[in-house]
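So this block is start_9.cif, mmCIF, N, CA and C atoms:
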data_upload
loop_
_atom_site.group_PDB
_atom_site.id
_atom_site.type_symbol
_atom_site.label_atom_id
_atom_site.label_comp_id
_atom_site.auth_asym_id
_atom_site.auth_seq_id
_atom_site.Cartn_x
_atom_site.Cartn_y
_atom_site.Cartn_z
ATOM 1 N N PHE A 1 -87.750 -93.422 11.793
ATOM 2 C CA PHE A 1 -87.176 -92.776 12.952
ATOM 3 C C PHE A 1 -86.128 -93.666 13.591
ATOM 4 N N VAL A 2 -85.115 -93.085 14.072
ATOM 5 C CA VAL A 2 -84.110 -93.819 14.827
ATOM 6 C C VAL A 2 -84.543 -93.802 16.280
ATOM 7 N N SER A 3 -84.591 -94.969 16.920
ATOM 8 C CA SER A 3 -85.035 -95.012 18.306
ATOM 9 C C SER A 3 -83.885 -95.124 19.286
ATOM 10 N N GLY A 4 -82.685 -95.091 18.812
ATOM 11 C CA GLY A 4 -81.533 -95.117 19.693
ATOM 12 C C GLY A 4 -80.258 -95.128 18.889
ATOM 13 N N ALA A 5 -79.132 -95.038 19.584
ATOM 14 C CA ALA A 5 -77.837 -94.981 18.910
ATOM 15 C C ALA A 5 -77.564 -96.235 18.095
ATOM 16 N N ILE A 6 -78.033 -97.371 18.565
ATOM 17 C CA ILE A 6 -77.769 -98.624 17.841
ATOM 18 C C ILE A 6 -79.049 -99.362 17.465
ATOM 19 N N TYR A 7 -80.189 -98.674 17.533
ATOM 20 C CA TYR A 7 -81.469 -99.297 17.220
ATOM 21 C C TYR A 7 -82.163 -98.530 16.112
ATOM 22 N N CYS A 8 -82.998 -99.216 15.383
ATOM 23 C CA CYS A 8 -83.779 -98.571 14.341
ATOM 24 C C CYS A 8 -85.140 -99.252 14.271
ATOM 25 N N ASP A 9 -86.216 -98.458 14.211
ATOM 26 C CA ASP A 9 -87.563 -98.989 14.088
ATOM 27 C C ASP A 9 -87.940 -99.070 12.622
ATOM 28 N N PHE A 10 -88.540 -100.174 12.228
ATOM 29 C CA PHE A 10 -89.057 -100.334 10.881
ATOM 30 C C PHE A 10 -90.562 -100.517 10.966
ATOM 31 N N THR A 11 -91.303 -99.581 10.381
ATOM 32 C CA THR A 11 -92.759 -99.676 10.367
ATOM 33 C C THR A 11 -93.293 -99.105 9.070
ATOM 34 N N ASP A 12 -94.510 -99.456 8.776
ATOM 35 C CA ASP A 12 -95.210 -98.858 7.655
ATOM 36 C C ASP A 12 -95.317 -97.357 7.931
ATOM 37 N N LEU A 13 -95.221 -96.529 6.911
ATOM 38 C CA LEU A 13 -95.241 -95.079 7.097
ATOM 39 C C LEU A 13 -96.535 -94.562 7.720
ATOM 40 N N SER A 14 -97.627 -95.328 7.602
ATOM 41 C CA SER A 14 -98.896 -94.884 8.173
ATOM 42 C C SER A 14 -99.037 -95.266 9.648
ATOM 43 N N VAL A 15 -98.088 -96.018 10.168
ATOM 44 C CA VAL A 15 -98.151 -96.480 11.554
ATOM 45 C C VAL A 15 -97.327 -95.557 12.448
ATOM 46 N N SER A 16 -97.968 -95.055 13.504
ATOM 47 C CA SER A 16 -97.256 -94.219 14.473
ATOM 48 C C SER A 16 -98.050 -94.185 15.769
ATOM 49 N N LYS A 17 -97.392 -93.789 16.823
ATOM 50 C CA LYS A 17 -98.090 -93.610 18.093
ATOM 51 C C LYS A 17 -99.126 -92.494 17.972
ATOM 52 N N GLY A 18 -98.813 -91.469 17.192
ATOM 53 C CA GLY A 18 -99.750 -90.372 16.985
ATOM 54 C C GLY A 18 -101.022 -90.827 16.303
ATOM 55 N N ASN A 19 -100.898 -91.643 15.252
ATOM 56 C CA ASN A 19 -102.081 -92.168 14.569
ATOM 57 C C ASN A 19 -102.898 -93.063 15.489
ATOM 58 N N ALA A 20 -102.221 -93.899 16.270
ATOM 59 C CA ALA A 20 -102.919 -94.769 17.216
ATOM 60 C C ALA A 20 -103.646 -93.939 18.277
ATOM 61 N N LEU A 21 -102.977 -92.922 18.800
ATOM 62 C CA LEU A 21 -103.592 -92.054 19.799
ATOM 63 C C LEU A 21 -104.825 -91.359 19.231
ATOM 64 N N SER A 22 -104.726 -90.852 18.020
ATOM 65 C CA SER A 22 -105.871 -90.184 17.389
ATOM 66 C C SER A 22 -107.056 -91.127 17.258
ATOM 67 N N LYS A 23 -106.802 -92.357 16.875
ATOM 68 C CA LYS A 23 -107.873 -93.343 16.713
ATOM 69 C C LYS A 23 -108.528 -93.671 18.051
ATOM 70 N N VAL A 24 -107.721 -93.881 19.087
ATOM 71 C CA VAL A 24 -108.271 -94.177 20.410
ATOM 72 C C VAL A 24 -109.091 -92.991 20.919
ATOM 73 N N MET A 25 -108.575 -91.788 20.737
ATOM 74 C CA MET A 25 -109.309 -90.604 21.179
ATOM 75 C C MET A 25 -110.631 -90.459 20.425
ATOM 76 N N GLU A 26 -110.615 -90.766 19.145
ATOM 77 C CA GLU A 26 -111.845 -90.714 18.345
ATOM 78 C C GLU A 26 -112.861 -91.717 18.878
ATOM 79 N N ILE A 27 -112.437 -92.936 19.123
ATOM 80 C CA ILE A 27 -113.332 -93.984 19.621
ATOM 81 C C ILE A 27 -113.929 -93.601 20.973
ATOM 82 N N LEU A 28 -113.110 -92.997 21.835
ATOM 83 C CA LEU A 28 -113.563 -92.631 23.179
ATOM 84 C C LEU A 28 -114.269 -91.284 23.237
ATOM 85 N N GLY A 29 -114.294 -90.566 22.126
ATOM 86 C CA GLY A 29 -114.970 -89.278 22.073
ATOM 87 C C GLY A 29 -114.189 -88.144 22.714
ATOM 88 N N PHE A 30 -112.872 -88.270 22.766
ATOM 89 C CA PHE A 30 -112.017 -87.222 23.326
ATOM 90 C C PHE A 30 -111.532 -86.303 22.206
ATOM 91 N N ASN A 31 -111.215 -85.072 22.578
ATOM 92 C CA ASN A 31 -110.586 -84.177 21.611
ATOM 93 C C ASN A 31 -109.176 -83.852 22.085
ATOM 94 N N SER A 32 -108.469 -83.066 21.327
ATOM 95 C CA SER A 32 -107.057 -82.802 21.633
ATOM 96 C C SER A 32 -106.863 -82.086 22.964
ATOM 97 N N ASP A 33 -107.869 -81.350 23.428
ATOM 98 C CA ASP A 33 -107.769 -80.679 24.717
ATOM 99 C C ASP A 33 -107.819 -81.654 25.885
ATOM 100 N N ASP A 34 -108.353 -82.857 25.652
ATOM 101 C CA ASP A 34 -108.517 -83.847 26.721
ATOM 102 C C ASP A 34 -107.260 -84.668 26.978
ATOM 103 N N GLY A 35 -106.344 -84.683 26.036
ATOM 104 C CA GLY A 35 -105.206 -85.598 26.132
ATOM 105 C C GLY A 35 -103.956 -84.979 26.710
ATOM 106 N N ILE A 36 -103.200 -85.832 27.400
ATOM 107 C CA ILE A 36 -101.870 -85.480 27.891
ATOM 108 C C ILE A 36 -100.964 -86.632 27.490
ATOM 109 N N VAL A 37 -99.846 -86.327 26.855
ATOM 110 C CA VAL A 37 -98.905 -87.384 26.473
ATOM 111 C C VAL A 37 -97.526 -87.075 27.023
ATOM 112 N N PHE A 38 -96.774 -88.156 27.210
ATOM 113 C CA PHE A 38 -95.404 -88.073 27.689
ATOM 114 C C PHE A 38 -94.535 -88.879 26.746
ATOM 115 N N GLY A 39 -93.386 -88.357 26.387
ATOM 116 C CA GLY A 39 -92.500 -89.090 25.498
ATOM 117 C C GLY A 39 -91.053 -88.714 25.710
ATOM 118 N N ASP A 40 -90.181 -89.633 25.294
ATOM 119 C CA ASP A 40 -88.753 -89.373 25.471
ATOM 120 C C ASP A 40 -87.914 -89.747 24.264
ATOM 121 N N ASN A 41 -88.570 -90.181 23.189
ATOM 122 C CA ASN A 41 -87.792 -90.625 22.048
ATOM 123 C C ASN A 41 -88.478 -90.230 20.747
ATOM 124 N N TYR A 42 -87.785 -90.428 19.666
ATOM 125 C CA TYR A 42 -88.279 -90.002 18.356
ATOM 126 C C TYR A 42 -89.609 -90.641 17.980
ATOM 127 N N ASN A 43 -89.842 -91.869 18.418
ATOM 128 C CA ASN A 43 -91.107 -92.516 18.071
ATOM 129 C C ASN A 43 -92.287 -91.942 18.853
ATOM 130 N N ASP A 44 -92.042 -91.027 19.769
ATOM 131 C CA ASP A 44 -93.100 -90.364 20.526
ATOM 132 C C ASP A 44 -93.499 -89.018 19.932
ATOM 133 N N VAL A 45 -92.688 -88.480 19.062
ATOM 134 C CA VAL A 45 -92.901 -87.134 18.521
ATOM 135 C C VAL A 45 -94.262 -87.002 17.839
ATOM 136 N N SER A 46 -94.713 -88.029 17.150
ATOM 137 C CA SER A 46 -95.985 -87.933 16.431
ATOM 138 C C SER A 46 -97.170 -87.736 17.376
ATOM 139 N N MET A 47 -97.027 -88.102 18.635
ATOM 140 C CA MET A 47 -98.106 -87.888 19.608
ATOM 141 C C MET A 47 -98.189 -86.432 20.048
ATOM 142 N N PHE A 48 -97.065 -85.739 20.055
ATOM 143 C CA PHE A 48 -97.012 -84.396 20.617
ATOM 144 C C PHE A 48 -97.940 -83.420 19.906
ATOM 145 N N SER A 49 -98.130 -83.584 18.627
ATOM 146 C CA SER A 49 -98.993 -82.652 17.888
ATOM 147 C C SER A 49 -100.474 -83.036 17.962
ATOM 148 N N ARG A 50 -100.779 -84.149 18.581
ATOM 149 C CA ARG A 50 -102.169 -84.625 18.621
ATOM 150 C C ARG A 50 -102.930 -84.164 19.855
ATOM 151 N N VAL A 51 -102.226 -83.607 20.836
ATOM 152 C CA VAL A 51 -102.883 -83.162 22.064
ATOM 153 C C VAL A 51 -102.387 -81.770 22.450
ATOM 154 N N LYS A 52 -103.134 -81.131 23.311
ATOM 155 C CA LYS A 52 -102.761 -79.799 23.758
ATOM 156 C C LYS A 52 -101.592 -79.846 24.737
ATOM 157 N N SER A 53 -101.529 -80.901 25.557
ATOM 158 C CA SER A 53 -100.516 -80.990 26.611
ATOM 159 C C SER A 53 -99.536 -82.120 26.333
ATOM 160 N N ALA A 54 -98.420 -81.771 25.728
ATOM 161 C CA ALA A 54 -97.389 -82.751 25.375
ATOM 162 C C ALA A 54 -96.141 -82.495 26.209
ATOM 163 N N PHE A 55 -95.719 -83.517 26.942
ATOM 164 C CA PHE A 55 -94.552 -83.417 27.805
ATOM 165 C C PHE A 55 -93.425 -84.279 27.268
ATOM 166 N N ALA A 56 -92.267 -83.687 27.134
ATOM 167 C CA ALA A 56 -91.065 -84.463 26.837
ATOM 168 C C ALA A 56 -90.353 -84.684 28.164
ATOM 169 N N MET A 57 -89.768 -85.849 28.287
ATOM 170 C CA MET A 57 -89.016 -86.150 29.498
ATOM 171 C C MET A 57 -87.711 -85.354 29.480
ATOM 172 N N ASP A 58 -87.261 -84.953 30.659
ATOM 173 C CA ASP A 58 -86.040 -84.158 30.764
ATOM 174 C C ASP A 58 -84.836 -84.824 30.111
ATOM 175 N N HIS A 59 -84.809 -86.151 30.129
ATOM 176 C CA HIS A 59 -83.654 -86.864 29.578
ATOM 177 C C HIS A 59 -83.746 -87.078 28.063
ATOM 178 N N ALA A 60 -84.821 -86.606 27.439
ATOM 179 C CA ALA A 60 -84.985 -86.764 25.990
ATOM 180 C C ALA A 60 -83.968 -85.904 25.237
ATOM 181 N N ASP A 61 -83.658 -86.326 24.011
ATOM 182 C CA ASP A 61 -82.791 -85.522 23.145
ATOM 183 C C ASP A 61 -83.444 -84.169 22.876
ATOM 184 N N ASP A 62 -82.625 -83.157 22.678
ATOM 185 C CA ASP A 62 -83.143 -81.824 22.353
ATOM 186 C C ASP A 62 -83.985 -81.846 21.085
ATOM 187 N N ASP A 63 -83.636 -82.713 20.140
ATOM 188 C CA ASP A 63 -84.423 -82.837 18.905
ATOM 189 C C ASP A 63 -85.842 -83.284 19.200
ATOM 190 N N VAL A 64 -86.035 -84.106 20.199
ATOM 191 C CA VAL A 64 -87.364 -84.569 20.602
ATOM 192 C C VAL A 64 -88.066 -83.468 21.393
ATOM 193 N N LYS A 65 -87.354 -82.833 22.298
ATOM 194 C CA LYS A 65 -87.938 -81.806 23.160
ATOM 195 C C LYS A 65 -88.526 -80.636 22.374
ATOM 196 N N GLN A 66 -87.971 -80.338 21.221
ATOM 197 C CA GLN A 66 -88.454 -79.179 20.459
ATOM 198 C C GLN A 66 -89.911 -79.321 20.034
ATOM 199 N N TYR A 67 -90.443 -80.536 20.030
ATOM 200 C CA TYR A 67 -91.820 -80.766 19.606
ATOM 201 C C TYR A 67 -92.817 -80.738 20.761
ATOM 202 N N ALA A 68 -92.324 -80.769 21.990
ATOM 203 C CA ALA A 68 -93.204 -80.777 23.158
ATOM 204 C C ALA A 68 -93.383 -79.370 23.700
ATOM 205 N N GLY A 69 -94.504 -79.149 24.331
ATOM 206 C CA GLY A 69 -94.747 -77.843 24.923
ATOM 207 C C GLY A 69 -94.262 -77.731 26.358
ATOM 208 N N TYR A 70 -94.058 -78.892 26.992
ATOM 209 C CA TYR A 70 -93.689 -78.925 28.401
ATOM 210 C C TYR A 70 -92.638 -80.003 28.628
ATOM 211 N N PHE A 71 -91.990 -79.934 29.794
ATOM 212 C CA PHE A 71 -90.939 -80.892 30.139
ATOM 213 C C PHE A 71 -91.141 -81.366 31.570
ATOM 214 N N THR A 72 -90.728 -82.592 31.836
ATOM 215 C CA THR A 72 -90.837 -83.136 33.183
ATOM 216 C C THR A 72 -89.794 -84.222 33.389
ATOM 217 N N ASP A 73 -89.527 -84.506 34.643
ATOM 218 C CA ASP A 73 -88.631 -85.616 34.955
ATOM 219 C C ASP A 73 -89.382 -86.758 35.626
ATOM 220 N N ASP A 74 -90.708 -86.560 35.888
ATOM 221 C CA ASP A 74 -91.470 -87.565 36.620
ATOM 222 C C ASP A 74 -92.925 -87.551 36.155
ATOM 223 N N VAL A 75 -93.336 -88.589 35.463
ATOM 224 C CA VAL A 75 -94.695 -88.657 34.909
ATOM 225 C C VAL A 75 -95.731 -88.669 36.026
ATOM 226 N N GLU A 76 -95.553 -89.554 36.991
ATOM 227 C CA GLU A 76 -96.545 -89.673 38.063
ATOM 228 C C GLU A 76 -96.714 -88.356 38.822
ATOM 229 N N HIS A 77 -95.621 -87.728 39.171
ATOM 230 C CA HIS A 77 -95.683 -86.458 39.888
ATOM 231 C C HIS A 77 -96.419 -85.398 39.062
ATOM 232 N N THR A 78 -96.158 -85.363 37.785
ATOM 233 C CA THR A 78 -96.797 -84.379 36.911
ATOM 234 C C THR A 78 -98.294 -84.625 36.816
ATOM 235 N N ILE A 79 -98.697 -85.876 36.667
ATOM 236 C CA ILE A 79 -100.133 -86.194 36.595
ATOM 237 C C ILE A 79 -100.818 -85.840 37.910
ATOM 238 N N ARG A 80 -100.184 -86.180 39.033
ATOM 239 C CA ARG A 80 -100.762 -85.832 40.339
ATOM 240 C C ARG A 80 -100.911 -84.316 40.489
ATOM 241 N N LYS A 81 -99.912 -83.571 40.071
ATOM 242 C CA LYS A 81 -99.955 -82.109 40.160
ATOM 243 C C LYS A 81 -101.102 -81.547 39.315
ATOM 244 N N ILE A 82 -101.225 -82.042 38.093
ATOM 245 C CA ILE A 82 -102.301 -81.585 37.209
ATOM 246 C C ILE A 82 -103.659 -81.886 37.841
ATOM 247 N N TYR A 83 -103.826 -83.094 38.343
ATOM 248 C CA TYR A 83 -105.100 -83.509 38.934
ATOM 249 C C TYR A 83 -105.399 -82.761 40.227
ATOM 250 N N ASN A 84 -104.449 -82.716 41.133
ATOM 251 C CA ASN A 84 -104.671 -82.119 42.454
ATOM 252 C C ASN A 84 -104.857 -80.616 42.392
ATOM 253 N N GLN A 85 -104.250 -79.962 41.445
ATOM 254 C CA GLN A 85 -104.356 -78.513 41.350
ATOM 255 C C GLN A 85 -105.313 -78.061 40.257
ATOM 256 N N ASN A 86 -106.017 -79.032 39.663
ATOM 257 C CA ASN A 86 -106.953 -78.721 38.585
ATOM 258 C C ASN A 86 -106.319 -77.867 37.500
ATOM 259 N N LEU A 87 -105.079 -78.222 37.149
ATOM 260 C CA LEU A 87 -104.364 -77.490 36.111
ATOM 261 C C LEU A 87 -104.770 -78.024 34.745
ATOM 262 N N TYR A 88 -105.031 -77.144 33.852
ATOM 263 C CA TYR A 88 -105.323 -77.525 32.467
ATOM 264 C C TYR A 88 -104.455 -76.637 31.588
ATOM 265 N N PHE A 89 -103.652 -77.249 30.796
ATOM 266 C CA PHE A 89 -102.683 -76.513 29.987
ATOM 267 C C PHE A 89 -103.311 -75.963 28.749
#
What does the file become when written as C-alpha cells?
Amino acid sequence: FVSGAIYCDFTDLSVSKGNALSKVMEILGFNSDDGIVFGDNYNDVSMFSRVKSAFAMDHADDDVKQYAGYFTDDVEHTIRKIYNQNLYF
C-alpha cells in the first residue's frame, strides 16, 4: 500500500492493521459488532472489513472512503455521540 504521495510502506503480506485488530479482538473476546475503527489512509483499509462500524475521516482519499461505512471529521466527537446517545451502528 502507498501511505502517501512520497511515502511507501514495506511489510510482510500477512501484516496489517486488520490482522492485528482481529487478533486483539479474539484475545479480548470481542466480535465484529463490538468494534469501531477510524482510518484515513490506505494502511487503515484492512481494519474496515473487520468491524461493523468503520469510519473514514473526511480528509481521507475517496479510494479509502469507499471501504468505510461511515465518515467523520472528529473522532472524539463521534465516540462521545455514540456513547451518549447509545447509538449502535
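Proximity to Gly18 of chain A was assessed for A:Thr72, A:Ser32, A:Gln66, A:Gln85 counting only C-alpha atoms; the smallest distance is recorded for A:Ser32.
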Checklist entry - Separation of atom CA of Thr11 of chain A and atom CA of Val24 of chain A, in Å? => result 19.3 Å
Item to check | Protein and nucleic acid residues near (-91.4, -82.3, 21.1) (cut-off 7 Å, only N, CA and C atoms) as a VMD selection string | outcome: chain A and resid 45 48 54 to 56 63 to 69
Checklist entry - atom CA of Asp73 of chain A and atom CA of Ala60 of chain A are how many Å apart? => result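 Separation between atom CA of Asp73 of chain A and atom CA of Ala60 of chain A: 9.7 Å.
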Next on the checklist: Using only C-alpha atoms for the distances, tell me which of A:Leu28, A:Met57, A:Val75, A:Ile82 is nearest to Tyr42 of chain A.
Outcome noted: A:Met57
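Taking atom C of Phe30 of chain A and atom CA of Asp12 of chain A as the two end points, the separation is 25.2 Å.
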Checklist entry - Mind telling me what the PyMOL selection byres (((chain A and resi 46 and name CA) around 8) and name CA) catches here, as number ranges by chain? => result A: 16-19, 43-45, 47-50
Checklist entry - DSSP says strand (DSSP E or B) for which residues of chain A? Put them as an NGL selection string? => result :A and (36-39 or 53-57 or 70-72)
Could those residues be written to a file, using N, CA and C atoms, as a short mmCIF file (atom, residue, chain, number, x, y, z; two decimals), in the coordinates of the input?
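The resulting file, result-v9.cif, is shown below:
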data_model
loop_
_atom_site.label_atom_id
_atom_site.label_comp_id
_atom_site.auth_asym_id
_atom_site.auth_seq_id
_atom_site.Cartn_x
_atom_site.Cartn_y
_atom_site.Cartn_z
N ILE A 36 -103.20 -85.83 27.40
CA ILE A 36 -101.87 -85.48 27.89
C ILE A 36 -100.96 -86.63 27.49
N VAL A 37 -99.85 -86.33 26.86
CA VAL A 37 -98.90 -87.38 26.47
C VAL A 37 -97.53 -87.08 27.02
N PHE A 38 -96.77 -88.16 27.21
CA PHE A 38 -95.40 -88.07 27.69
C PHE A 38 -94.54 -88.88 26.75
N GLY A 39 -93.39 -88.36 26.39
CA GLY A 39 -92.50 -89.09 25.50
C GLY A 39 -91.05 -88.71 25.71
N SER A 53 -101.53 -80.90 25.56
CA SER A 53 -100.52 -80.99 26.61
C SER A 53 -99.54 -82.12 26.33
N ALA A 54 -98.42 -81.77 25.73
CA ALA A 54 -97.39 -82.75 25.38
C ALA A 54 -96.14 -82.50 26.21
N PHE A 55 -95.72 -83.52 26.94
CA PHE A 55 -94.55 -83.42 27.80
C PHE A 55 -93.42 -84.28 27.27
N ALA A 56 -92.27 -83.69 27.13
CA ALA A 56 -91.06 -84.46 26.84
C ALA A 56 -90.35 -84.68 28.16
N MET A 57 -89.77 -85.85 28.29
CA MET A 57 -89.02 -86.15 29.50
C MET A 57 -87.71 -85.35 29.48
N TYR A 70 -94.06 -78.89 26.99
CA TYR A 70 -93.69 -78.92 28.40
C TYR A 70 -92.64 -80.00 28.63
N PHE A 71 -91.99 -79.93 29.79
CA PHE A 71 -90.94 -80.89 30.14
C PHE A 71 -91.14 -81.37 31.57
N THR A 72 -90.73 -82.59 31.84
CA THR A 72 -90.84 -83.14 33.18
C THR A 72 -89.79 -84.22 33.39
#
Might you spell out which residues the PyMOL selection byres ((chain A and resi 37) around 6) would select in the displayed file, as an mmCIF file with N, CA and C atoms, in the frame of the given file?
data_model
loop_
_atom_site.group_PDB
_atom_site.id
_atom_site.type_symbol
_atom_site.label_atom_id
_atom_site.label_comp_id
_atom_site.auth_asym_id
_atom_site.auth_seq_id
_atom_site.Cartn_x
_atom_site.Cartn_y
_atom_site.Cartn_z
ATOM 1 N N GLY A 35 -106.344 -84.683 26.036
ATOM 2 C CA GLY A 35 -105.206 -85.598 26.132
ATOM 3 C C GLY A 35 -103.956 -84.979 26.710
ATOM 4 N N ILE A 36 -103.200 -85.832 27.400
ATOM 5 C CA ILE A 36 -101.870 -85.480 27.891
ATOM 6 C C ILE A 36 -100.964 -86.632 27.490
ATOM 7 N N PHE A 38 -96.774 -88.156 27.210
ATOM 8 C CA PHE A 38 -95.404 -88.073 27.689
ATOM 9 C C PHE A 38 -94.535 -88.879 26.746
ATOM 10 N N GLY A 39 -93.386 -88.357 26.387
ATOM 11 C CA GLY A 39 -92.500 -89.090 25.498
ATOM 12 C C GLY A 39 -91.053 -88.714 25.710
ATOM 13 N N SER A 53 -101.529 -80.901 25.557
ATOM 14 C CA SER A 53 -100.516 -80.990 26.611
ATOM 15 C C SER A 53 -99.536 -82.120 26.333
ATOM 16 N N ALA A 54 -98.420 -81.771 25.728
ATOM 17 C CA ALA A 54 -97.389 -82.751 25.375
ATOM 18 C C ALA A 54 -96.141 -82.495 26.209
ATOM 19 N N PHE A 55 -95.719 -83.517 26.942
ATOM 20 C CA PHE A 55 -94.552 -83.417 27.805
ATOM 21 C C PHE A 55 -93.425 -84.279 27.268
#
Next on the checklist: Going by DSSP on the backbone, which residues of chain A come out as alpha helix (DSSP H)? List them as a PyMOL selection string.
Outcome noted: chain A and resi 17-28+45-48+62-65+75-84
Please export segment 9-27 of chain A as a PDB file, in the first residue's frame, restricted to N, CA, C and O atoms.
ATOM      1  N   ASP A   9       4.979   2.058   2.400  1.00  0.00           N
ATOM      2  CA  ASP A   9       5.154   1.119   3.496  1.00  0.00           C
ATOM      3  C   ASP A   9       5.620  -0.214   2.945  1.00  0.00           C
ATOM      4  O   ASP A   9       5.069  -0.702   1.954  1.00  0.00           O
ATOM      5  N   PHE A  10       6.598  -0.811   3.595  1.00  0.00           N
ATOM      6  CA  PHE A  10       7.059  -2.142   3.246  1.00  0.00           C
ATOM      7  C   PHE A  10       6.808  -3.060   4.430  1.00  0.00           C
ATOM      8  O   PHE A  10       7.343  -2.847   5.516  1.00  0.00           O
ATOM      9  N   THR A  11       5.963  -4.066   4.225  1.00  0.00           N
ATOM     10  CA  THR A  11       5.679  -5.033   5.281  1.00  0.00           C
ATOM     11  C   THR A  11       5.457  -6.401   4.670  1.00  0.00           C
ATOM     12  O   THR A  11       5.177  -6.529   3.475  1.00  0.00           O
ATOM     13  N   ASP A  12       5.558  -7.396   5.501  1.00  0.00           N
ATOM     14  CA  ASP A  12       5.211  -8.745   5.097  1.00  0.00           C
ATOM     15  C   ASP A  12       3.730  -8.739   4.713  1.00  0.00           C
ATOM     16  O   ASP A  12       2.919  -8.039   5.328  1.00  0.00           O
ATOM     17  N   LEU A  13       3.344  -9.505   3.713  1.00  0.00           N
ATOM     18  CA  LEU A  13       1.961  -9.504   3.236  1.00  0.00           C
ATOM     19  C   LEU A  13       0.952  -9.942   4.293  1.00  0.00           C
ATOM     20  O   LEU A  13      -0.226  -9.611   4.204  1.00  0.00           O
ATOM     21  N   SER A  14       1.403 -10.687   5.309  1.00  0.00           N
ATOM     22  CA  SER A  14       0.483 -11.140   6.349  1.00  0.00           C
ATOM     23  C   SER A  14       0.301 -10.103   7.459  1.00  0.00           C
ATOM     24  O   SER A  14      -0.516 -10.290   8.350  1.00  0.00           O
ATOM     25  N   VAL A  15       1.054  -9.023   7.403  1.00  0.00           N
ATOM     26  CA  VAL A  15       0.994  -7.994   8.440  1.00  0.00           C
ATOM     27  C   VAL A  15       0.071  -6.862   7.996  1.00  0.00           C
ATOM     28  O   VAL A  15       0.216  -6.322   6.910  1.00  0.00           O
ATOM     29  N   SER A  16      -0.901  -6.544   8.850  1.00  0.00           N
ATOM     30  CA  SER A  16      -1.799  -5.422   8.565  1.00  0.00           C
ATOM     31  C   SER A  16      -2.467  -4.987   9.860  1.00  0.00           C
ATOM     32  O   SER A  16      -2.509  -5.738  10.835  1.00  0.00           O
ATOM     33  N   LYS A  17      -3.008  -3.800   9.843  1.00  0.00           N
ATOM     34  CA  LYS A  17      -3.774  -3.333  10.995  1.00  0.00           C
ATOM     35  C   LYS A  17      -5.013  -4.204  11.193  1.00  0.00           C
ATOM     36  O   LYS A  17      -5.432  -4.465  12.313  1.00  0.00           O
ATOM     37  N   GLY A  18      -5.601  -4.665  10.098  1.00  0.00           N
ATOM     38  CA  GLY A  18      -6.769  -5.534  10.184  1.00  0.00           C
ATOM     39  C   GLY A  18      -6.457  -6.845  10.873  1.00  0.00           C
ATOM     40  O   GLY A  18      -7.209  -7.300  11.733  1.00  0.00           O
ATOM     41  N   ASN A  19      -5.334  -7.475  10.513  1.00  0.00           N
ATOM     42  CA  ASN A  19      -4.935  -8.722  11.168  1.00  0.00           C
ATOM     43  C   ASN A  19      -4.642  -8.503  12.644  1.00  0.00           C
ATOM     44  O   ASN A  19      -5.011  -9.317  13.492  1.00  0.00           O
ATOM     45  N   ALA A  20      -3.969  -7.402  12.965  1.00  0.00           N
ATOM     46  CA  ALA A  20      -3.676  -7.085  14.362  1.00  0.00           C
ATOM     47  C   ALA A  20      -4.971  -6.848  15.145  1.00  0.00           C
ATOM     48  O   ALA A  20      -5.139  -7.347  16.263  1.00  0.00           O
ATOM     49  N   LEU A  21      -5.894  -6.103  14.557  1.00  0.00           N
ATOM     50  CA  LEU A  21      -7.174  -5.840  15.209  1.00  0.00           C
ATOM     51  C   LEU A  21      -7.932  -7.140  15.461  1.00  0.00           C
ATOM     52  O   LEU A  21      -8.476  -7.357  16.550  1.00  0.00           O
ATOM     53  N   SER A  22      -7.962  -8.018  14.481  1.00  0.00           N
ATOM     54  CA  SER A  22      -8.653  -9.304  14.645  1.00  0.00           C
ATOM     55  C   SER A  22      -8.059 -10.106  15.792  1.00  0.00           C
ATOM     56  O   SER A  22      -8.792 -10.714  16.579  1.00  0.00           O
ATOM     57  N   LYS A  23      -6.751 -10.118  15.900  1.00  0.00           N
ATOM     58  CA  LYS A  23      -6.079 -10.863  16.967  1.00  0.00           C
ATOM     59  C   LYS A  23      -6.397 -10.273  18.338  1.00  0.00           C
ATOM     60  O   LYS A  23      -6.707 -11.001  19.283  1.00  0.00           O
ATOM     61  N   VAL A  24      -6.344  -8.950  18.456  1.00  0.00           N
ATOM     62  CA  VAL A  24      -6.660  -8.304  19.731  1.00  0.00           C
ATOM     63  C   VAL A  24      -8.116  -8.569  20.112  1.00  0.00           C
ATOM     64  O   VAL A  24      -8.425  -8.882  21.272  1.00  0.00           O
ATOM     65  N   MET A  25      -9.013  -8.465  19.147  1.00  0.00           N
ATOM     66  CA  MET A  25     -10.423  -8.724  19.430  1.00  0.00           C
ATOM     67  C   MET A  25     -10.643 -10.174  19.863  1.00  0.00           C
ATOM     68  O   MET A  25     -11.437 -10.439  20.766  1.00  0.00           O
ATOM     69  N   GLU A  26      -9.935 -11.089  19.238  1.00  0.00           N
ATOM     70  CA  GLU A  26     -10.031 -12.504  19.619  1.00  0.00           C
ATOM     71  C   GLU A  26      -9.562 -12.695  21.056  1.00  0.00           C
ATOM     72  O   GLU A  26     -10.233 -13.362  21.852  1.00  0.00           O
ATOM     73  N   ILE A  27      -8.429 -12.127  21.403  1.00  0.00           N
ATOM     74  CA  ILE A  27      -7.876 -12.260  22.754  1.00  0.00           C
ATOM     75  C   ILE A  27      -8.829 -11.681  23.798  1.00  0.00           C
ATOM     76  O   ILE A  27      -9.012 -12.249  24.871  1.00  0.00           O
TER      77      ILE A  27
END
